[in-house]
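Have a look at the structure below before the remarks.
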Amino acid sequence: MSMMEYLYNKDGYTIRFATRADVPAVLGFICELADYEHMSECVVTDVPTLEASLFDRNKAEVLMAELEGKPIGYALFFHSFSTFLGREGIYLEDLYITPTARGKGYGKRLLANLAKLAVERRCGRLEWACLDWNKPSIDFYLSLDAEPQSEWTTYRLTGDTLTALASKA
């Protein structure tokens, strides 16, 4: 086995890029996050679909957070583009730390390493969405001086509505 390259490695806490072998753990975390967000019924992905999206099609990347070699969380992200900045950004789709590991700085360190990656890649921004009712996460983001973008509303098309609009092309 080759040496794993870590973005962060101190006091038994490590952050590294996910590998194919991590996909089942990532799916487990996705399910835990969906349960927390009261959206479990929305999870339709599976290991082969995630593996293909992450490693065959390179549509997103994942940072794994581990404590003493055991996965405790992840950050799933992909590149976006700002026409105003004329540069890429990073969109953080999921940031998750298991409940037993929360409040110890692991999430902050994970997000800080993602911010470092954004700077290294010369990205103009790092952004994400948060559910309006998720006060613990909102408080966490505000503690990092993240600025809520309340003047924007997110819109979404999925399933039948997406297919219906596509049929008009």
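Residues are referred to by chain and number: the chain letter is A, B, ... according to the order shown in the structure tokens, the number counts from 1 in that chain, and ligands are numbered separately from 1 in the order shown.
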Practice problem: Excluding Leu117 in chain A and residues on its chain fewer than 4 positions from it, collect all residues at most 10 Å away from it, counting only C-alpha atoms, and give them as JSON, numbers by chain. | Solution: {"A": [7, 90, 111, 112, 113, 121, 122, 123, 126]}
Quiz item: Quick one: residues within 10 Å of Pro99 in chain A, only C-alpha atoms counted, chain neighbours fewer than 3 positions away excluded, as a PyMOL selection string?
Solution: chain A and resi 32+72-73+96+102-103
Practice problem: Could you give me, as JSON, numbers by chain, the residues within 9 Å of Glu127 in chain A, counting only C-alpha atoms and dropping anything in the same chain fewer than 3 positions from it? | Solution: {"A": [89, 90, 91, 92, 93, 146]}
Deliver the residues from the most recent selection as a file, using C-alpha atoms, as a short mmCIF file (atom, residue, chain, number, x, y, z; two decimals), in the first residue's frame.
data_model
loop_
_atom_site.label_atom_id
_atom_site.label_comp_id
_atom_site.auth_asym_id
_atom_site.auth_seq_id
_atom_site.Cartn_x
_atom_site.Cartn_y
_atom_site.Cartn_z
CA GLY A 89 -15.20 28.79 -7.50
CA ILE A 90 -15.80 25.83 -5.26
CA TYR A 91 -19.35 24.87 -4.39
CA LEU A 92 -19.59 22.82 -1.21
CA GLU A 93 -22.50 20.43 -1.62
CA ALA A 146 -19.21 33.52 6.23
#
Quiz item: Would you give me, as a list of chain:residue names, the residues in range 1-60 of chain A that DSSP reads as strand (DSSP E or B)?
Solution: A:Tyr6, A:Leu7, A:Tyr8, A:Asn9, A:Lys10, A:Tyr13, A:Thr14, A:Ile15, A:Arg16, A:Phe17
Quiz prompt | Top pick for closest residue to Glu61 in chain A, considering A:Asp132, A:Asp145, A:Glu5, A:Asp94 and counting only C-alpha atoms | solution =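 Closest to Glu61 in chain A, using only C-alpha atoms: A:Asp94.
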Self-check item: A:Tyr13, A:Phe55, A:Phe29, A:Tyr106 ranked by distance to Lys70 in chain A, top pick (using only C-alpha atoms)
Solution: A:Tyr13
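The space separating CA of Ile97 in chain A from CA of Ala65 in chain A comes to 8.0 Å.
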